[in-house]
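A.B. asks: Questions regarding the structure given below will be posed in turn.
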Amino acid sequence: MDSAYVTSKGQLVVPAAIRRRFGIKPGTRINFVPEGDRIIFQPVTREYISSFRGIFKQKPGEKSVVQELLEERRAEKEKEDRK
């Protein structure tokens with residue numbers, strides 16, 4: 001297990017083996033995700049972003065959230081117009 005110390009400025013040096021393994025290069029954005037009593041250290045790399053491709057893709061016959069919202073608003077307006 002690799003470890004590191006936090007500097008007086010709050011900086012953390014990621015061990016070289018970890019940087020190589022996860023493709024962390026200078027300028028790589030890191031997300032810190034608190035989970036219970038631990039912190040998940042998630043580098044935001046091209047591979048990480050690519051892993052989300054298609055995750056929000058609509059299934060055939062499924063309405064988008066925008067379509068549903070527009071239909072709700074139309075129905076509400078029709079109710080108001082009838083009054």
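Scheme for the structure tokens: letters A, B, ... for chains in order shown; per-chain residue numbers from 1; ligand numbers from 1 in order shown.
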If we count only C-alpha atoms, what is near stretch 42-44 of chain A at a cut-off of 7 Å, once residues fewer than 2 positions away on the same chain are taken out, given as a ChimeraX atom specification?

C.D. replies: /A:24,28-32,40,46,48-49

A.B. asks: Residues of stretch 26-63 of chain A classed as alpha helix (DSSP H) by DSSP on the backbone are to be reported as a list in words.

C.D. replies: Arg46, Glu47, Tyr48, Ile49 and Ser50 of chain A

A.B. asks: What does the distance between atom CA of A:Pro15 and atom CA of A:Met1 come to in Å, to one decimal place?

C.D. replies: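 One can read the atom CA of A:Pro15 to atom CA of A:Met1 distance as 10.4 Å.
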
A.B. asks: Can you list every residue in stretch 32-75 of chain A that DSSP puts in strand (DSSP E or B), as a ChimeraX atom specification?

C.D. replies: /A:32-35,38-44
